[in-house]
Structures are given as structure tokens and as C-alpha cells.
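entry_3.csv (CSV, C-alpha atoms and all ligand atoms) appears below.
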```
chain,number,residue,atom,x,y,z
A,55,MET,CA,-50.3,65.4,48.8
A,56,ILE,CA,-48.2,63.4,46.4
A,57,GLY,CA,-47.2,63.5,42.7
A,58,ILE,CA,-45.2,61.3,40.4
A,59,ASP,CA,-43.9,61.4,36.9
A,60,LEU,CA,-42.1,58.9,34.7
A,61,VAL,CA,-40.6,59.8,31.3
A,62,GLU,CA,-38.6,58.1,28.5
A,63,VAL,CA,-35.1,59.7,28.2
A,64,GLU,CA,-35.1,59.2,24.4
A,65,ARG,CA,-37.9,61.9,24.2
A,66,PHE,CA,-35.4,64.6,25.4
A,67,GLU,CA,-32.9,66.3,23.1
A,68,LEU,CA,-30.3,68.7,24.5
A,69,ASP,CA,-31.8,71.6,22.6
A,70,ASP,CA,-30.9,75.0,24.0
A,71,ASN,CA,-34.2,76.6,23.1
A,72,PHE,CA,-36.2,73.8,24.7
A,73,MET,CA,-34.0,73.9,27.8
A,74,SER,CA,-34.2,77.7,28.3
A,75,ARG,CA,-38.0,77.5,28.0
A,76,ILE,CA,-38.3,75.0,30.9
A,77,ALA,CA,-35.2,75.6,32.9
A,78,TYR,CA,-33.2,78.3,34.8
A,79,GLU,CA,-29.6,78.9,33.9
A,80,GLU,CA,-28.4,77.1,37.1
A,81,GLU,CA,-30.5,74.0,36.1
A,82,ILE,CA,-29.0,74.0,32.6
A,83,ALA,CA,-25.5,74.4,34.0
A,84,TYR,CA,-26.1,71.4,36.3
A,85,ILE,CA,-27.2,69.3,33.2
A,86,LYS,CA,-24.3,70.5,31.1
A,87,LYS,CA,-21.6,69.7,33.7
A,88,SER,CA,-22.6,66.0,33.5
A,89,LYS,CA,-19.7,64.0,32.2
A,90,SER,CA,-21.5,62.3,29.3
A,91,VAL,CA,-24.2,63.3,26.8
A,92,GLU,CA,-26.2,60.3,28.0
A,93,LEU,CA,-26.2,61.6,31.6
A,94,GLN,CA,-27.0,65.1,30.4
A,95,ARG,CA,-30.2,63.7,28.7
A,96,GLN,CA,-31.1,61.7,31.8
A,97,ARG,CA,-30.8,64.8,33.9
A,98,LEU,CA,-32.9,66.9,31.5
A,99,ALA,CA,-35.5,64.1,31.6
A,100,SER,CA,-35.3,64.1,35.4
A,101,LEU,CA,-35.7,67.9,35.5
A,102,TRP,CA,-38.9,67.6,33.5
A,103,ALA,CA,-40.2,64.7,35.7
A,104,VAL,CA,-39.5,66.7,38.9
A,105,LYS,CA,-41.4,69.7,37.6
A,106,GLU,CA,-44.4,67.5,36.5
A,107,ALA,CA,-44.4,65.6,39.9
A,108,VAL,CA,-44.4,68.9,41.9
A,109,MET,CA,-47.2,70.3,39.7
A,110,LYS,CA,-49.2,67.1,40.4
A,111,ALA,CA,-48.6,67.2,44.1
A,112,LEU,CA,-49.8,70.9,44.2
A,113,GLY,CA,-52.8,69.9,42.1
A,114,LEU,CA,-51.9,72.3,39.3
A,115,GLY,CA,-52.9,71.2,35.9
A,116,GLU,CA,-52.4,72.8,32.5
A,117,LYS,CA,-55.4,75.2,33.0
A,118,SER,CA,-53.9,76.7,36.1
A,119,GLY,CA,-51.3,78.6,34.1
A,120,VAL,CA,-48.4,77.1,36.0
A,121,SER,CA,-45.1,77.2,34.2
A,122,PHE,CA,-42.1,75.0,34.3
A,123,LYS,CA,-40.1,77.9,35.6
A,124,ASP,CA,-42.4,78.1,38.6
A,125,ILE,CA,-40.4,75.1,39.9
A,126,LYS,CA,-36.6,75.2,40.2
A,127,LEU,CA,-34.5,72.2,40.9
A,128,CYS,CA,-31.6,72.8,43.3
A,129,HIS,CA,-29.1,70.6,45.1
A,130,GLU,CA,-27.6,70.5,48.5
A,131,GLU,CA,-23.9,70.0,48.8
A,132,SER,CA,-24.5,66.3,49.4
A,133,GLY,CA,-26.2,66.1,46.0
A,134,LYS,CA,-29.7,65.8,47.6
A,135,PRO,CA,-32.2,67.6,45.4
A,136,TYR,CA,-34.8,70.1,46.5
A,137,VAL,CA,-37.1,72.6,44.8
A,138,GLU,CA,-37.8,76.3,45.1
A,139,LEU,CA,-41.2,77.6,44.0
A,140,PHE,CA,-42.1,80.7,42.1
A,141,GLY,CA,-45.2,82.2,40.5
A,142,ILE,CA,-48.4,80.2,40.5
A,143,ALA,CA,-46.7,77.2,42.2
A,144,LYS,CA,-45.6,79.4,45.1
A,145,GLN,CA,-49.0,81.0,45.3
A,146,GLU,CA,-50.7,77.7,45.5
A,147,PHE,CA,-48.2,76.4,48.1
A,148,ASN,CA,-48.7,79.5,50.2
A,149,ILE,CA,-52.5,79.2,50.1
A,150,SER,CA,-53.0,75.5,50.6
A,151,HIS,CA,-49.8,74.2,52.2
A,152,TYR,CA,-48.1,77.1,53.9
A,153,ASP,CA,-47.2,75.1,57.0
A,154,LYS,CA,-45.7,72.2,55.0
A,155,ARG,CA,-42.6,71.4,52.9
A,156,VAL,CA,-42.2,70.0,49.4
A,157,GLU,CA,-39.9,66.9,49.4
A,158,ILE,CA,-38.7,65.4,46.1
A,159,SER,CA,-36.7,62.4,45.1
A,160,LEU,CA,-35.6,61.3,41.6
A,161,SER,CA,-33.9,58.5,39.8
A,162,HIS,CA,-32.8,57.9,36.3
A,163,THR,CA,-31.5,55.1,34.1
A,164,LYS,CA,-30.4,54.8,30.5
A,165,ASN,CA,-34.0,54.7,29.3
A,166,TYR,CA,-36.2,56.2,32.1
A,167,ALA,CA,-36.3,59.1,34.5
A,168,THR,CA,-38.7,59.3,37.4
A,169,ALA,CA,-39.5,61.8,40.2
A,170,ILE,CA,-41.8,61.9,43.1
A,171,ALA,CA,-42.9,64.9,45.1
A,172,VAL,CA,-44.5,64.8,48.5
A,173,ILE,CA,-46.0,67.8,50.4
A,174,LYS,CA,-45.9,67.0,54.1
A,201,LIG,C1,-27.7,59.3,46.1
A,201,LIG,C2,-27.5,57.9,45.5
A,201,LIG,C3,-28.2,56.9,46.4
A,201,LIG,C4,-28.0,57.9,44.0
A,201,LIG,O1,-28.4,56.5,43.6
A,201,LIG,P1,-28.1,55.9,42.2
A,201,LIG,O2,-28.9,54.6,42.2
A,201,LIG,O3,-26.7,56.0,41.8
A,201,LIG,O4,-28.8,56.9,41.2
A,201,LIG,P2,-30.4,57.4,41.0
A,201,LIG,O5,-30.5,57.6,39.5
A,201,LIG,O6,-31.3,56.4,41.6
A,201,LIG,O7,-30.4,58.7,41.8
A,201,LIG,C5,-29.7,59.8,41.4
A,201,LIG,C6,-30.3,61.0,42.0
A,201,LIG,O8,-30.3,60.9,43.4
A,201,LIG,C7,-30.3,62.2,43.9
A,201,LIG,N1,-29.4,62.3,45.0
A,201,LIG,C8,-28.0,62.6,45.0
A,201,LIG,N2,-27.5,62.6,46.2
A,201,LIG,C9,-28.6,62.5,47.1
A,201,LIG,C10,-28.7,62.4,48.5
A,201,LIG,N3,-27.6,62.6,49.3
A,201,LIG,N4,-29.9,62.3,49.0
A,201,LIG,C11,-31.0,62.1,48.2
A,201,LIG,N5,-30.9,62.1,46.9
A,201,LIG,C12,-29.7,62.3,46.3
A,201,LIG,C13,-30.0,63.2,42.8
A,201,LIG,O9,-31.1,63.8,42.4
A,201,LIG,C14,-29.5,62.2,41.7
A,201,LIG,O10,-29.7,62.7,40.4
A,201,LIG,P3,-28.6,63.6,39.7
A,201,LIG,O11,-27.4,62.8,39.7
A,201,LIG,O12,-29.2,63.8,38.4
A,201,LIG,O13,-28.5,64.8,40.5
A,201,LIG,C15,-26.0,57.6,45.4
A,201,LIG,O14,-25.4,58.7,44.7
A,201,LIG,C16,-25.3,57.3,46.7
A,201,LIG,O15,-25.2,56.2,47.1
A,201,LIG,N6,-24.8,58.4,47.3
A,201,LIG,C17,-24.1,58.2,48.6
A,201,LIG,C18,-25.0,57.8,49.8
A,201,LIG,C19,-26.1,58.9,50.0
A,201,LIG,O16,-25.9,60.1,50.1
A,201,LIG,N7,-27.4,58.4,50.0
A,201,LIG,C20,-28.5,59.3,50.2
A,201,LIG,C21,-29.6,58.6,50.8
A,201,LIG,S1,-29.3,58.2,52.5
```
As C-alpha cells:
Amino acid sequence: MIGIDLVEVERFELDDNFMSRIAYEEEIAYIKKSKSVELQRQRLASLWAVKEAVMKALGLGEKSGVSFKDIKLCHEESGKPYVELFGIAKQEFNISHYDKRVEISLSHTKNYATAIAVIK
């Protein structure tokens, strides 16, 4: 299973209410520690793209009731990103993909952020 998302960075404002609706404190802290506002917006856009890509890979659409907080973006010491699943996303993973792993990769530029998720 695979999912991809591509977003325009300019759509994302560093709004605390928006961020706390879609992100965990640790995810917001990662964004805020970025050294420029431009990079903060790219990382917020990437965060959105990661969550959308994982939802697609899991086959979870709007009607499933999945929430952005069902997917948490984390980082290894090397900087390599990975996700932890909660709620409906975790349930779906445990039912349909219990013997697999979710792998993600993301990339961002001034204008675009993209993410891909693979369940294998
Ligand atoms: C990881 C790396 C390739 C990023 O490339 P880039 O073209 O500068 O930037 P991109 O926008 O394409 O990717 C950035 C994202 O890569 C991801 N990333 C960072 N380190 C990573 C790693 N070790 N492995 C996989 N992905 C990584 C992060 O999600 C990062 O986004 P963030 O900065 O918002 O956290 C670059 O930082 C690098 O060369 N690191 C050292 C070599 C390395 O560890 N390569 C990993 C693949 S073998």
C-alpha cells in the first residue's frame, strides 16, 4: 500500500490554533525550532503532507473519522522521519497490516512540500 501528498507551502500559516488542531506538542516544537520562518512553514506543510500520505496508504478517507492526530511525525537521531499511529489509524493498521511497517519519506522546497508513505 502506498500514499502520496503534495502541498503548496504558501497555503500554510504558522497559526497556533491550526497547529494545535493537527499536531502534537512535540511536532509543533520541531517546527518552531527551525531556524527561519520559511523553514517553519515548509515543515508545517510537510507535516500535513505526511499525515495525508499515511491516511492514503491506510486507505482512510474523510468518512473514516480518522484525525490528523492519529498520525504523529517523529524523528530518529539521524533526522530520519517515522510515524507513530493512534486511534482509527492504529486500528486500521492493526487489522489490515499488523505484520508490516509504515515507512515515510518527505521533501520540501520554498514552494512545495511532499511526502510518501509505504506500508510494507
Ligand atoms: C537527509 C537529506 C538527504 C535531506 O535532503 P535535502 O535535499 O537537504 O532536503 P529534503 O527537503 O529533500 O529532505 C528533508 C527531509 O529529509 C528527512 N531526513 C532527514 N534526515 C534523514 C535521514 N537520515 N534519512 C531519511 N530522511 C531524512 C527529514 O524529514 C527532512 O525534513 P525536515 O528537515 O523537515 O525534518 C540531507 O539532510 C542529507 O544529506 N543528510 C545526510 C546524509 C543522510 O543521512 N542521508 C540519508 C539518506 S541515506
Can you tell me which residues surround Val108 of chain A at a distance of at most 12 Å, considering all atoms listed in the file, apart from same-chain residues fewer than 2 positions away, and format the answer as JSON, numbers by chain? {"A": [55, 56, 57, 58, 59, 101, 102, 103, 104, 105, 106, 110, 111, 112, 113, 114, 115, 120, 121, 122, 123, 124, 125, 126, 127, 136, 137, 138, 139, 143, 144, 146, 147, 155, 156, 157, 158, 159, 160, 169, 170, 171, 172, 173]}
Which residues, written as a list in words, have at least one atom at most 10 Å from Arg65 of chain A, with all atoms listed in the file counted and residues fewer than 4 positions away on the same chain left out?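 Returned residues: Val61, Arg95, Ala99, Asn165 and Tyr166 of chain A.
Between atom CA of Lys154 of chain A and atom CA of Phe140 of chain A lies a distance of 15.9 Å.
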Selection as a PDB file with C-alpha atoms, in the coordinates of the input: residues within 7 Å of ligand LIG 201 (chain A) by only C-alpha atoms and all ligand atoms:
```
ATOM      1  CA  ARG A  97     -30.800  64.800  33.900  1.00  0.00           C
ATOM      2  CA  SER A 100     -35.300  64.100  35.400  1.00  0.00           C
ATOM      3  CA  SER A 132     -24.500  66.300  49.400  1.00  0.00           C
ATOM      4  CA  GLY A 133     -26.200  66.100  46.000  1.00  0.00           C
ATOM      5  CA  LYS A 134     -29.700  65.800  47.600  1.00  0.00           C
ATOM      6  CA  PRO A 135     -32.200  67.600  45.400  1.00  0.00           C
ATOM      7  CA  SER A 159     -36.700  62.400  45.100  1.00  0.00           C
ATOM      8  CA  LEU A 160     -35.600  61.300  41.600  1.00  0.00           C
ATOM      9  CA  SER A 161     -33.900  58.500  39.800  1.00  0.00           C
ATOM     10  CA  HIS A 162     -32.800  57.900  36.300  1.00  0.00           C
ATOM     11  CA  THR A 163     -31.500  55.100  34.100  1.00  0.00           C
TER      12      THR A 163
END
```
Among listed residues A:Leu98, A:Cys128, A:Val91, A:Leu60, nearest Ser74 of chain A (using all atoms listed in the file): A:Leu98
To one decimal place, how far is atom CA of Gln96 of chain A from atom CA of Thr168 of chain A in Å?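 Answer for the atom CA of Gln96 of chain A to atom CA of Thr168 of chain A separation: 9.7 Å.
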Provide the atom CA of Glu116 of chain A to atom CA of Asn71 of chain A distance in Å, to one decimal place.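 Separation between atom CA of Glu116 of chain A and atom CA of Asn71 of chain A: 20.8 Å.
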Within 12 Å of Asp70 of chain A, counting all atoms listed in the file, which residues show up once you throw out same-chain ones fewer than 2 positions away? Write them as a ChimeraX atom specification, please. /A:66-68,72-79,82-83,85-86,98
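Restricting the calculation to all atoms listed in the file, the smallest distance between His129 of chain A and any of A:Asp153, A:Lys117, A:Gln94, A:Tyr84 is found for A:Tyr84.
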